[in-house]
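Novice: Data file start.cif (mmCIF, C-alpha atoms) is appended below.
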data_run
loop_
_atom_site.group_PDB
_atom_site.id
_atom_site.type_symbol
_atom_site.label_atom_id
_atom_site.label_comp_id
_atom_site.auth_asym_id
_atom_site.auth_seq_id
_atom_site.Cartn_x
_atom_site.Cartn_y
_atom_site.Cartn_z
ATOM 1 C CA MET A 1 -26.253 -10.182 -62.243
ATOM 2 C CA ASP A 2 -23.141 -8.305 -63.351
ATOM 3 C CA ARG A 3 -23.605 -4.661 -64.288
ATOM 4 C CA ASP A 4 -20.558 -2.950 -62.891
ATOM 5 C CA ASN A 5 -17.535 -2.934 -65.240
ATOM 6 C CA ARG A 6 -15.319 -0.620 -63.208
ATOM 7 C CA GLU A 7 -11.819 -1.497 -61.963
ATOM 8 C CA THR A 8 -12.070 -2.829 -58.436
ATOM 9 C CA THR A 9 -9.727 -3.533 -55.577
ATOM 10 C CA LEU A 10 -10.164 -5.752 -52.579
ATOM 11 C CA VAL A 11 -11.942 -4.129 -49.647
ATOM 12 C CA LYS A 12 -10.113 -4.466 -46.366
ATOM 13 C CA LEU A 13 -12.783 -5.411 -43.898
ATOM 14 C CA PRO A 14 -11.509 -5.713 -40.318
ATOM 15 C CA MET A 15 -13.422 -8.477 -38.564
ATOM 16 C CA THR A 16 -14.539 -8.771 -34.965
ATOM 17 C CA GLY A 17 -14.388 -12.042 -33.065
ATOM 18 C CA ALA A 18 -18.006 -12.817 -33.966
ATOM 19 C CA GLN A 19 -17.362 -12.077 -37.647
ATOM 20 C CA ILE A 20 -14.298 -14.326 -37.674
ATOM 21 C CA ALA A 21 -16.416 -17.044 -36.133
ATOM 22 C CA GLU A 22 -18.898 -16.731 -39.001
ATOM 23 C CA THR A 23 -16.191 -17.924 -41.379
ATOM 24 C CA MET A 24 -16.054 -21.204 -39.425
ATOM 25 C CA PRO A 25 -18.266 -24.116 -40.412
ATOM 26 C CA ARG A 26 -21.335 -24.336 -38.158
ATOM 27 C CA SER A 27 -20.230 -27.686 -36.722
ATOM 28 C CA ARG A 28 -16.893 -26.179 -35.709
ATOM 29 C CA ARG A 29 -18.579 -23.225 -33.980
ATOM 30 C CA HIS A 30 -20.787 -25.584 -31.967
ATOM 31 C CA TRP A 31 -17.782 -27.767 -31.043
ATOM 32 C CA THR A 32 -15.857 -24.701 -29.886
ATOM 33 C CA SER A 33 -18.848 -23.526 -27.840
ATOM 34 C CA ARG A 34 -19.076 -26.874 -26.091
ATOM 35 C CA MET A 35 -15.353 -26.841 -25.305
ATOM 36 C CA LEU A 36 -15.660 -23.366 -23.808
ATOM 37 C CA ALA A 37 -18.617 -24.548 -21.739
ATOM 38 C CA VAL A 38 -16.436 -27.313 -20.312
ATOM 39 C CA ALA A 39 -13.716 -24.750 -19.562
ATOM 40 C CA GLY A 40 -16.272 -22.627 -17.725
ATOM 41 C CA VAL A 41 -17.335 -25.554 -15.581
ATOM 42 C CA LEU A 42 -13.697 -26.354 -14.752
ATOM 43 C CA CYS A 43 -13.125 -22.740 -13.709
ATOM 44 C CA THR A 44 -16.182 -22.985 -11.500
ATOM 45 C CA GLY A 45 -14.736 -26.141 -9.946
ATOM 46 C CA LEU A 46 -11.576 -24.285 -9.047
ATOM 47 C CA ILE A 47 -13.617 -21.543 -7.413
ATOM 48 C CA ALA A 48 -15.593 -24.152 -5.507
ATOM 49 C CA ALA A 49 -12.375 -25.806 -4.305
ATOM 50 C CA ASN A 50 -11.081 -22.522 -2.912
ATOM 51 C CA VAL A 51 -14.174 -21.935 -0.813
ATOM 52 C CA GLY A 52 -14.801 -25.583 -0.033
ATOM 53 C CA ASN A 53 -13.008 -25.618 3.288
ATOM 54 C CA ASP A 54 -14.991 -22.695 4.694
ATOM 55 C CA ALA A 55 -18.238 -24.124 3.372
ATOM 56 C CA GLY A 56 -17.440 -27.473 4.953
ATOM 57 C CA LYS A 57 -16.985 -25.856 8.357
ATOM 58 C CA ILE A 58 -20.342 -24.118 8.046
ATOM 59 C CA LEU A 59 -22.152 -27.332 7.085
ATOM 60 C CA THR A 60 -20.543 -29.315 9.897
ATOM 61 C CA ASN A 61 -21.852 -26.983 12.582
ATOM 62 C CA ALA A 62 -25.341 -26.529 11.052
ATOM 63 C CA SER A 63 -28.553 -28.490 11.530
ATOM 64 C CA ALA A 64 -29.842 -30.958 8.917
ATOM 65 C CA ASN A 65 -32.356 -28.477 7.444
ATOM 66 C CA ALA A 66 -29.768 -25.722 7.375
ATOM 67 C CA GLN A 67 -27.277 -28.025 5.668
ATOM 68 C CA SER A 68 -29.810 -28.805 2.925
ATOM 69 C CA THR A 69 -30.502 -25.095 2.428
ATOM 70 C CA TYR A 70 -26.793 -24.264 2.317
ATOM 71 C CA ARG A 71 -26.126 -26.993 -0.249
ATOM 72 C CA THR A 72 -28.940 -25.752 -2.490
ATOM 73 C CA LEU A 73 -27.760 -22.164 -2.331
ATOM 74 C CA PHE A 74 -24.156 -23.212 -2.936
ATOM 75 C CA LEU A 75 -25.164 -25.261 -6.010
ATOM 76 C CA MET A 76 -27.184 -22.341 -7.413
ATOM 77 C CA LEU A 77 -24.198 -20.051 -6.902
ATOM 78 C CA LEU A 78 -21.901 -22.450 -8.766
ATOM 79 C CA VAL A 79 -24.332 -22.702 -11.683
ATOM 80 C CA ALA A 80 -24.641 -18.910 -11.881
ATOM 81 C CA VAL A 81 -20.857 -18.481 -11.850
ATOM 82 C CA ALA A 82 -20.465 -21.133 -14.569
ATOM 83 C CA LEU A 83 -23.021 -19.396 -16.808
ATOM 84 C CA VAL A 84 -21.332 -16.024 -16.371
ATOM 85 C CA ILE A 85 -17.929 -17.488 -17.224
ATOM 86 C CA VAL A 86 -19.211 -19.280 -20.328
ATOM 87 C CA ARG A 87 -21.128 -16.189 -21.440
ATOM 88 C CA GLU A 88 -18.121 -13.916 -21.146
ATOM 89 C CA ILE A 89 -15.700 -16.308 -22.822
ATOM 90 C CA CYS A 90 -18.058 -16.954 -25.733
ATOM 91 C CA SER A 91 -18.926 -13.274 -26.142
ATOM 92 C CA ARG A 92 -15.285 -12.178 -26.195
ATOM 93 C CA LEU A 93 -14.060 -14.911 -28.525
ATOM 94 C CA GLY A 94 -17.145 -14.757 -30.763
ATOM 95 C CA VAL A 95 -17.640 -18.489 -31.318
ATOM 96 C CA TYR A 96 -21.245 -17.949 -32.432
ATOM 97 C CA THR A 97 -23.492 -15.193 -33.738
ATOM 98 C CA GLY A 98 -25.682 -13.375 -31.269
ATOM 99 C CA LYS A 99 -25.035 -11.894 -27.861
ATOM 100 C CA GLY A 100 -23.999 -13.919 -24.848
ATOM 101 C CA LEU A 101 -25.553 -17.233 -23.834
ATOM 102 C CA ARG A 102 -28.938 -16.190 -25.196
ATOM 103 C CA GLY A 103 -27.440 -15.876 -28.671
ATOM 104 C CA LEU A 104 -25.915 -19.359 -28.400
ATOM 105 C CA ILE A 105 -29.272 -20.881 -27.470
ATOM 106 C CA ARG A 106 -31.026 -18.941 -30.242
ATOM 107 C CA GLU A 107 -28.540 -20.139 -32.836
ATOM 108 C CA ARG A 108 -28.792 -23.740 -31.672
ATOM 109 C CA PHE A 109 -32.557 -23.989 -31.541
ATOM 110 C CA SER A 110 -33.790 -21.358 -34.026
ATOM 111 C CA ALA A 111 -36.631 -22.528 -36.252
ATOM 112 C CA ALA A 112 -37.887 -21.369 -39.604
ATOM 113 C CA PRO A 113 -40.885 -19.013 -39.516
ATOM 114 C CA ASP A 114 -44.199 -20.409 -40.678
ATOM 115 C CA GLY A 115 -47.328 -19.074 -42.389
ATOM 116 C CA THR A 116 -47.046 -15.619 -43.912
ATOM 117 C CA VAL A 117 -43.389 -14.643 -44.150
ATOM 118 C CA THR A 118 -41.229 -11.957 -45.691
ATOM 119 C CA ILE A 119 -38.609 -13.371 -48.037
ATOM 120 C CA MET A 120 -35.379 -11.446 -48.619
ATOM 121 C CA PHE A 121 -32.899 -12.106 -51.410
ATOM 122 C CA SER A 122 -29.482 -10.482 -51.499
ATOM 123 C CA ASP A 123 -26.490 -10.802 -53.779
ATOM 124 C CA ILE A 124 -23.239 -9.044 -54.612
ATOM 125 C CA GLU A 125 -23.418 -6.863 -57.695
ATOM 126 C CA GLY A 126 -20.916 -7.835 -60.380
ATOM 127 C CA SER A 127 -19.800 -10.968 -58.529
ATOM 128 C CA THR A 128 -18.564 -12.843 -61.606
ATOM 129 C CA MET A 129 -16.428 -9.924 -62.724
ATOM 130 C CA LEU A 130 -15.105 -9.456 -59.192
ATOM 131 C CA SER A 131 -14.042 -13.080 -58.897
ATOM 132 C CA GLU A 132 -12.157 -12.831 -62.193
ATOM 133 C CA GLN A 133 -10.409 -9.585 -61.265
ATOM 134 C CA LEU A 134 -9.499 -10.528 -57.694
ATOM 135 C CA GLY A 135 -8.535 -14.135 -58.232
ATOM 136 C CA ASP A 136 -9.772 -17.102 -56.256
ATOM 137 C CA ASP A 137 -7.947 -16.449 -52.976
ATOM 138 C CA ARG A 138 -8.786 -12.748 -52.666
ATOM 139 C CA TRP A 139 -12.357 -13.328 -53.847
ATOM 140 C CA LEU A 140 -12.847 -16.028 -51.212
ATOM 141 C CA LYS A 141 -11.590 -13.680 -48.478
ATOM 142 C CA LEU A 142 -13.985 -10.988 -49.635
ATOM 143 C CA LEU A 143 -16.853 -13.476 -49.777
ATOM 144 C CA ARG A 144 -16.163 -14.681 -46.248
ATOM 145 C CA CYS A 145 -16.216 -11.107 -44.927
ATOM 146 C CA HIS A 146 -19.479 -10.471 -46.783
ATOM 147 C CA ASN A 147 -21.058 -13.641 -45.384
ATOM 148 C CA ALA A 148 -19.967 -12.801 -41.833
ATOM 149 C CA LEU A 149 -21.486 -9.341 -42.079
ATOM 150 C CA ILE A 150 -24.795 -10.637 -43.460
ATOM 151 C CA ARG A 151 -25.111 -13.401 -40.883
ATOM 152 C CA ARG A 152 -24.374 -11.041 -38.025
ATOM 153 C CA GLN A 153 -27.307 -8.860 -39.066
ATOM 154 C CA LEU A 154 -29.550 -11.887 -39.569
ATOM 155 C CA ALA A 155 -28.839 -12.975 -35.996
ATOM 156 C CA ALA A 156 -29.556 -9.467 -34.700
ATOM 157 C CA HIS A 157 -32.918 -9.274 -36.518
ATOM 158 C CA ARG A 158 -34.050 -12.889 -36.139
ATOM 159 C CA GLY A 159 -33.780 -13.763 -39.795
ATOM 160 C CA PHE A 160 -33.809 -17.436 -40.761
ATOM 161 C CA GLU A 161 -31.131 -18.303 -43.310
ATOM 162 C CA VAL A 162 -32.852 -20.572 -45.823
ATOM 163 C CA LYS A 163 -29.815 -20.961 -48.040
ATOM 164 C CA SER A 164 -26.593 -19.302 -49.083
ATOM 165 C CA GLN A 165 -26.243 -19.054 -52.836
ATOM 166 C CA GLY A 166 -22.551 -18.415 -53.306
ATOM 167 C CA ASP A 167 -22.546 -14.620 -53.405
ATOM 168 C CA GLY A 168 -26.004 -14.134 -51.935
ATOM 169 C CA PHE A 169 -28.597 -15.244 -49.403
ATOM 170 C CA MET A 170 -32.221 -16.274 -49.232
ATOM 171 C CA VAL A 171 -33.663 -15.372 -45.835
ATOM 172 C CA ALA A 172 -37.105 -15.672 -44.231
ATOM 173 C CA PHE A 173 -38.546 -13.363 -41.564
ATOM 174 C CA GLY A 174 -41.661 -13.731 -39.477
ATOM 175 C CA SER A 175 -42.126 -9.946 -39.619
ATOM 176 C CA ALA A 176 -41.934 -7.525 -42.545
ATOM 177 C CA ARG A 177 -40.674 -4.841 -40.192
ATOM 178 C CA SER A 178 -37.795 -7.018 -38.989
ATOM 179 C CA ALA A 179 -36.916 -7.840 -42.597
ATOM 180 C CA LEU A 180 -36.670 -4.163 -43.570
ATOM 181 C CA ARG A 181 -34.672 -3.320 -40.468
ATOM 182 C CA CYS A 182 -32.245 -6.085 -41.333
ATOM 183 C CA ALA A 183 -31.902 -4.985 -44.957
ATOM 184 C CA ILE A 184 -31.235 -1.391 -43.896
ATOM 185 C CA ALA A 185 -28.698 -2.490 -41.288
ATOM 186 C CA ILE A 186 -26.869 -4.549 -43.919
ATOM 187 C CA GLN A 187 -26.623 -1.635 -46.347
ATOM 188 C CA ARG A 188 -25.498 0.792 -43.651
ATOM 189 C CA ASP A 189 -22.883 -1.643 -42.385
ATOM 190 C CA LEU A 190 -21.550 -2.161 -45.912
ATOM 191 C CA ALA A 191 -21.530 1.598 -46.576
ATOM 192 C CA ALA A 192 -19.564 2.243 -43.384
ATOM 193 C CA ARG A 193 -16.978 -0.326 -44.403
ATOM 194 C CA ARG A 194 -16.704 1.113 -47.898
ATOM 195 C CA ASP A 195 -16.087 4.546 -46.403
ATOM 196 C CA GLN A 196 -13.504 3.101 -44.040
ATOM 197 C CA SER A 197 -11.610 1.245 -46.763
ATOM 198 C CA GLY A 198 -11.973 3.907 -49.462
ATOM 199 C CA SER A 199 -13.141 1.295 -51.982
ATOM 200 C CA GLN A 200 -16.556 0.863 -53.583
ATOM 201 C CA VAL A 201 -16.052 -2.753 -54.584
ATOM 202 C CA LEU A 202 -18.553 -4.507 -52.314
ATOM 203 C CA ARG A 203 -22.079 -3.467 -53.246
ATOM 204 C CA VAL A 204 -25.083 -5.625 -52.430
ATOM 205 C CA ARG A 205 -28.589 -5.463 -53.832
ATOM 206 C CA ILE A 206 -31.595 -6.610 -51.824
ATOM 207 C CA GLY A 207 -35.193 -7.470 -52.702
ATOM 208 C CA LEU A 208 -38.128 -8.328 -50.407
ATOM 209 C CA HIS A 209 -41.670 -9.593 -50.763
ATOM 210 C CA THR A 210 -44.263 -10.804 -48.241
ATOM 211 C CA GLY A 211 -46.787 -13.591 -48.662
ATOM 212 C CA GLU A 212 -47.739 -17.201 -48.088
ATOM 213 C CA VAL A 213 -45.118 -19.828 -48.882
ATOM 214 C CA ILE A 214 -44.925 -23.577 -49.226
ATOM 215 C CA ARG A 215 -42.543 -24.950 -46.631
ATOM 216 C CA GLU A 216 -40.609 -28.147 -47.322
ATOM 217 C CA GLN A 217 -38.492 -28.991 -44.266
ATOM 218 C CA GLN A 218 -36.120 -25.982 -43.964
ATOM 219 C CA ASP A 219 -36.766 -24.575 -47.456
ATOM 220 C CA PHE A 220 -39.496 -22.390 -48.950
ATOM 221 C CA PHE A 221 -41.206 -22.486 -52.329
ATOM 222 C CA GLY A 222 -44.008 -20.770 -54.166
ATOM 223 C CA HIS A 223 -45.005 -17.551 -55.894
ATOM 224 C CA THR A 224 -43.873 -15.380 -52.972
ATOM 225 C CA VAL A 225 -40.333 -16.735 -53.230
ATOM 226 C CA ILE A 226 -40.258 -16.197 -56.998
ATOM 227 C CA LEU A 227 -41.444 -12.589 -56.660
ATOM 228 C CA ALA A 228 -38.863 -11.806 -53.965
ATOM 229 C CA ALA A 229 -36.075 -13.207 -56.138
ATOM 230 C CA ARG A 230 -37.210 -11.265 -59.210
ATOM 231 C CA ILE A 231 -37.499 -8.028 -57.227
ATOM 232 C CA GLY A 232 -33.992 -8.521 -55.874
ATOM 233 C CA ALA A 233 -32.694 -9.011 -59.416
ATOM 234 C CA LYS A 234 -34.099 -5.587 -60.384
ATOM 235 C CA ALA A 235 -32.282 -3.751 -57.609
ATOM 236 C CA ASN A 236 -28.988 -1.951 -58.179
ATOM 237 C CA GLY A 237 -25.940 -2.318 -55.973
ATOM 238 C CA GLY A 238 -26.568 -0.585 -52.652
ATOM 239 C CA GLU A 239 -30.335 -0.542 -53.251
ATOM 240 C CA ILE A 240 -33.244 -2.141 -51.373
ATOM 241 C CA LEU A 241 -36.437 -2.834 -53.331
ATOM 242 C CA VAL A 242 -39.677 -4.035 -51.762
ATOM 243 C CA SER A 243 -42.997 -5.064 -53.217
ATOM 244 C CA ALA A 244 -46.069 -2.871 -52.815
ATOM 245 C CA LEU A 245 -47.499 -5.459 -50.426
ATOM 246 C CA SER A 246 -44.470 -5.421 -48.145
ATOM 247 C CA ARG A 247 -44.527 -1.627 -48.111
ATOM 248 C CA SER A 248 -48.225 -1.559 -47.194
ATOM 249 C CA LEU A 249 -47.560 -3.710 -44.137
ATOM 250 C CA VAL A 250 -45.049 -1.296 -42.590
ATOM 251 C CA VAL A 251 -45.915 2.130 -43.981
ATOM 252 C CA GLY A 252 -48.328 2.841 -41.116
ATOM 253 C CA SER A 253 -45.527 2.688 -38.569
ATOM 254 C CA HIS A 254 -43.767 5.694 -40.193
ATOM 255 C CA GLU A 255 -40.475 3.994 -39.337
ATOM 256 C CA PHE A 256 -39.295 3.636 -42.942
ATOM 257 C CA GLN A 257 -38.963 6.001 -45.860
ATOM 258 C CA PHE A 258 -39.732 4.946 -49.418
ATOM 259 C CA GLY A 259 -39.060 6.362 -52.836
ATOM 260 C CA GLU A 260 -41.632 6.850 -55.566
ATOM 261 C CA ALA A 261 -43.367 3.724 -56.826
ATOM 262 C CA ARG A 262 -42.146 2.337 -60.113
ATOM 263 C CA GLU A 263 -43.412 -0.368 -62.409
ATOM 264 C CA GLU A 264 -40.987 -3.188 -63.178
ATOM 265 C CA GLN A 265 -41.373 -6.016 -65.644
ATOM 266 C CA LEU A 266 -40.165 -9.019 -63.688
ATOM 267 C CA LYS A 267 -38.614 -11.966 -65.468
ATOM 268 C CA GLY A 268 -41.073 -14.748 -66.202
ATOM 269 C CA LEU A 269 -44.146 -12.758 -65.113
ATOM 270 C CA ARG A 270 -46.700 -11.418 -67.543
ATOM 271 C CA ASP A 271 -47.775 -8.190 -65.859
ATOM 272 C CA PRO A 272 -45.506 -5.432 -64.483
ATOM 273 C CA ARG A 273 -45.249 -5.198 -60.698
ATOM 274 C CA ARG A 274 -45.083 -2.103 -58.533
ATOM 275 C CA VAL A 275 -41.991 -1.847 -56.349
ATOM 276 C CA HIS A 276 -40.579 0.777 -54.003
ATOM 277 C CA GLU A 277 -37.048 1.724 -53.096
ATOM 278 C CA VAL A 278 -36.312 1.834 -49.366
ATOM 279 C CA ARG A 279 -34.348 4.945 -48.402
ATOM 280 C CA TRP A 280 -31.709 3.894 -45.917
ATOM 281 C CA ARG A 281 -29.034 6.621 -46.156
#
Can the structure from this file be put into structure tokens for me?
Specialist:
Amino acid sequence: MDRDNRETTLVKLPMTGAQIAETMPRSRRHWTSRMLAVAGVLCTGLIAANVGNDAGKILTNASANAQSTYRTLFLMLLVAVALVIVREICSRLGVYTGKGLRGLIRERFSAAPDGTVTIMFSDIEGSTMLSEQLGDDRWLKLLRCHNALIRRQLAAHRGFEVKSQGDGFMVAFGSARSALRCAIAIQRDLAARRDQSGSQVLRVRIGLHTGEVIREQQDFFGHTVILAARIGAKANGGEILVSALSRSLVVGSHEFQFGEAREEQLKGLRDPRRVHEVRWR
């Protein structure tokens, strides 16, 4: 796990509203979202009160059918205004991952993929050494920034977070292409932040493999999971490694670039496995 013995300093990672929200517990984010929804409805009520007098005059002078039509249209308008208000408030304050109201619904009702999936493992290179050098408080701040960044990309690429393992993640994707896009986006985001801060401290390694899994509630087990974890362990900081099978599923799209194949002896497995580096720079 820990290969980097260089002196390190804490990376200063400025966070957006959505990234700050990722440091909140999930229950707190949902509570905040509900409170903002209530605020949106109250704002809509105020708008309705301001136009109520004019609307009342229109309804009084209209026929029964016209009154019913006016009421329906007025109710639809209020609902639309409420949704816009909630969407804008949530988007600006970043109380959930995703974009607008659609992101809130996706986060609330997202389900784990089934059948053949692509499993991604990520972890911070040299995490034990970093925690010792930075101290508990600074290490926790760095870890929270890392987690916010990862989760933001998972939301953008429809990755299902199976578990967070301290300094790393296990994630499932219904598409190998989405998994590689997410991994590349993570590395590019981290690289941009390293360039911005002038520090090389936060380096993440990522491994992916595609195959059938055994699903137990919201967790995954089986040979596919083991291979993905072992491939991730062979990657260096800032590197993405994929199995030959995962590469074969996406190579026809010509969207991704890969390095030369290399044989790796994976821990606990008898025969070497062919893996490929994904070129993301």
Novice: Select, from A:Val81, A:Leu149, A:Ala233, A:Leu154, the residue with the minimum atom-to-atom distance to Asp123 of chain A, counting all atoms listed in the file.
Specialist: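 Looking only at the distances to Asp123 of chain A, the closest residue turns out to be A:Ala233.
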Novice: A:Arg215, A:Arg205, A:Arg181, A:Arg144: which is nearest Pro113 of chain A, counting only C-alpha atoms?
Specialist: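 Closest to Pro113 of chain A, using only C-alpha atoms: A:Arg215.
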Novice: When you look at Asn236 of chain A with a cut-off of 9 Å (counting all atoms listed in the file), what residues show up, excluding the ones that are within fewer than 6 positions of it in the same chain? I need them as a list of chain:residue names.
Specialist: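 Listing them by chain and then by number gives A:Arg3, A:Glu125, A:Arg203, A:Val204, A:Arg205, A:Ile206.
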Novice: Given the file shown, determine the residues that the PyMOL selection byres ((chain A and resi 182) around 10) selects; report them as a JSON list (two decimals) with C-alpha atoms, keeping the file's coordinate frame.
Specialist:
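Output below, filename out_2.json:
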[["chain", "number", "residue", "atom", "x", "y", "z"],
["A", 120, "MET", "CA", -35.38, -11.45, -48.62],
["A", 150, "ILE", "CA", -24.80, -10.64, -43.46],
["A", 152, "ARG", "CA", -24.37, -11.04, -38.02],
["A", 153, "GLN", "CA", -27.31, -8.86, -39.07],
["A", 154, "LEU", "CA", -29.55, -11.89, -39.57],
["A", 155, "ALA", "CA", -28.84, -12.98, -36.00],
["A", 156, "ALA", "CA", -29.56, -9.47, -34.70],
["A", 157, "HIS", "CA", -32.92, -9.27, -36.52],
["A", 158, "ARG", "CA", -34.05, -12.89, -36.14],
["A", 159, "GLY", "CA", -33.78, -13.76, -39.80],
["A", 173, "PHE", "CA", -38.55, -13.36, -41.56],
["A", 176, "ALA", "CA", -41.93, -7.52, -42.54],
["A", 177, "ARG", "CA", -40.67, -4.84, -40.19],
["A", 178, "SER", "CA", -37.80, -7.02, -38.99],
["A", 179, "ALA", "CA", -36.92, -7.84, -42.60],
["A", 180, "LEU", "CA", -36.67, -4.16, -43.57],
["A", 181, "ARG", "CA", -34.67, -3.32, -40.47],
["A", 183, "ALA", "CA", -31.90, -4.99, -44.96],
["A", 184, "ILE", "CA", -31.24, -1.39, -43.90],
["A", 185, "ALA", "CA", -28.70, -2.49, -41.29],
["A", 186, "ILE", "CA", -26.87, -4.55, -43.92],
["A", 187, "GLN", "CA", -26.62, -1.64, -46.35],
["A", 188, "ARG", "CA", -25.50, 0.79, -43.65]]
Novice: Taking into account only C-alpha atoms, which residue in the set A:Val251, A:Asp167, A:Arg279, A:Gly207 is nearest to Thr224 of chain A?
Specialist: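 Closest to Thr224 of chain A of all the choices is A:Gly207.
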Novice: When you draw a straight line from atom CA of Ser243 of chain A to atom CA of Gln217 of chain A, how long is it in Å?
Specialist: 25.9 Å
Novice: Could you please determine the separation between atom CA of Arg151 of chain A and atom CA of Gly259 of chain A in Å, to one decimal place?
Specialist: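 These atoms are spaced 27.0 Å apart.
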Novice: For a quick check of your reading of the model, name the residues lying within 10 Å of the coordinate (-36.6, -9.0, -56.2), counting all atoms listed in the file, and write them as a ChimeraX atom specification.
Specialist: /A:119-122,205-209,225-235,240-243,266-267,275
Novice: Using C-alpha atoms, can you export the residues from the last selection as a PDB file, in the coordinates of the input?
Specialist:
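Below you can see result-v6.pdb, which holds the result:
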ATOM      1  CA  ILE A 119     -38.609 -13.371 -48.037  1.00  0.00           C
ATOM      2  CA  MET A 120     -35.379 -11.446 -48.619  1.00  0.00           C
ATOM      3  CA  PHE A 121     -32.899 -12.106 -51.410  1.00  0.00           C
ATOM      4  CA  SER A 122     -29.482 -10.482 -51.499  1.00  0.00           C
ATOM      5  CA  ARG A 205     -28.589  -5.463 -53.832  1.00  0.00           C
ATOM      6  CA  ILE A 206     -31.595  -6.610 -51.824  1.00  0.00           C
ATOM      7  CA  GLY A 207     -35.193  -7.470 -52.702  1.00  0.00           C
ATOM      8  CA  LEU A 208     -38.128  -8.328 -50.407  1.00  0.00           C
ATOM      9  CA  HIS A 209     -41.670  -9.593 -50.763  1.00  0.00           C
ATOM     10  CA  VAL A 225     -40.333 -16.735 -53.230  1.00  0.00           C
ATOM     11  CA  ILE A 226     -40.258 -16.197 -56.998  1.00  0.00           C
ATOM     12  CA  LEU A 227     -41.444 -12.589 -56.660  1.00  0.00           C
ATOM     13  CA  ALA A 228     -38.863 -11.806 -53.965  1.00  0.00           C
ATOM     14  CA  ALA A 229     -36.075 -13.207 -56.138  1.00  0.00           C
ATOM     15  CA  ARG A 230     -37.210 -11.265 -59.210  1.00  0.00           C
ATOM     16  CA  ILE A 231     -37.499  -8.028 -57.227  1.00  0.00           C
ATOM     17  CA  GLY A 232     -33.992  -8.521 -55.874  1.00  0.00           C
ATOM     18  CA  ALA A 233     -32.694  -9.011 -59.416  1.00  0.00           C
ATOM     19  CA  LYS A 234     -34.099  -5.587 -60.384  1.00  0.00           C
ATOM     20  CA  ALA A 235     -32.282  -3.751 -57.609  1.00  0.00           C
ATOM     21  CA  ILE A 240     -33.244  -2.141 -51.373  1.00  0.00           C
ATOM     22  CA  LEU A 241     -36.437  -2.834 -53.331  1.00  0.00           C
ATOM     23  CA  VAL A 242     -39.677  -4.035 -51.762  1.00  0.00           C
ATOM     24  CA  SER A 243     -42.997  -5.064 -53.217  1.00  0.00           C
ATOM     25  CA  LEU A 266     -40.165  -9.019 -63.688  1.00  0.00           C
ATOM     26  CA  LYS A 267     -38.614 -11.966 -65.468  1.00  0.00           C
ATOM     27  CA  VAL A 275     -41.991  -1.847 -56.349  1.00  0.00           C
TER      28      VAL A 275
END
Novice: With distances taken over only C-alpha atoms, which of A:Leu134, A:Leu73, A:Ala244, A:Leu140 is nearest to Ala261 of chain A?
Specialist: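 Residue with the minimum atom-to-atom distance to Ala261 of chain A: A:Ala244.
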Novice: Applying the PyMOL selection byres ((chain A and resi 131) around 12) to the file I just gave you, which residues come out? Please list them as a ChimeraX atom specification.
Specialist: /A:2,8-10,124-130,132-143,166-167,201-202
Novice: Can you work out the spacing between atom CA of Arg247 of chain A and atom CA of Gly211 of chain A in Å, to one decimal?
Specialist: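 So the answer is 12.2 Å.
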Novice: Counting only C-alpha atoms, figure out which residue out of A:His254, A:Leu245, A:Val278, A:Gln218 gets nearest to Lys163 of chain A.
Specialist: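 Closest residue, counting only C-alpha atoms: A:Gln218.
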Novice: Which one is closest to Glu239 of chain A: A:His276, A:Arg71, A:His146, A:Arg194? Count only C-alpha atoms.
Specialist: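 For Glu239 of chain A, the nearest of the given residues is A:His276.
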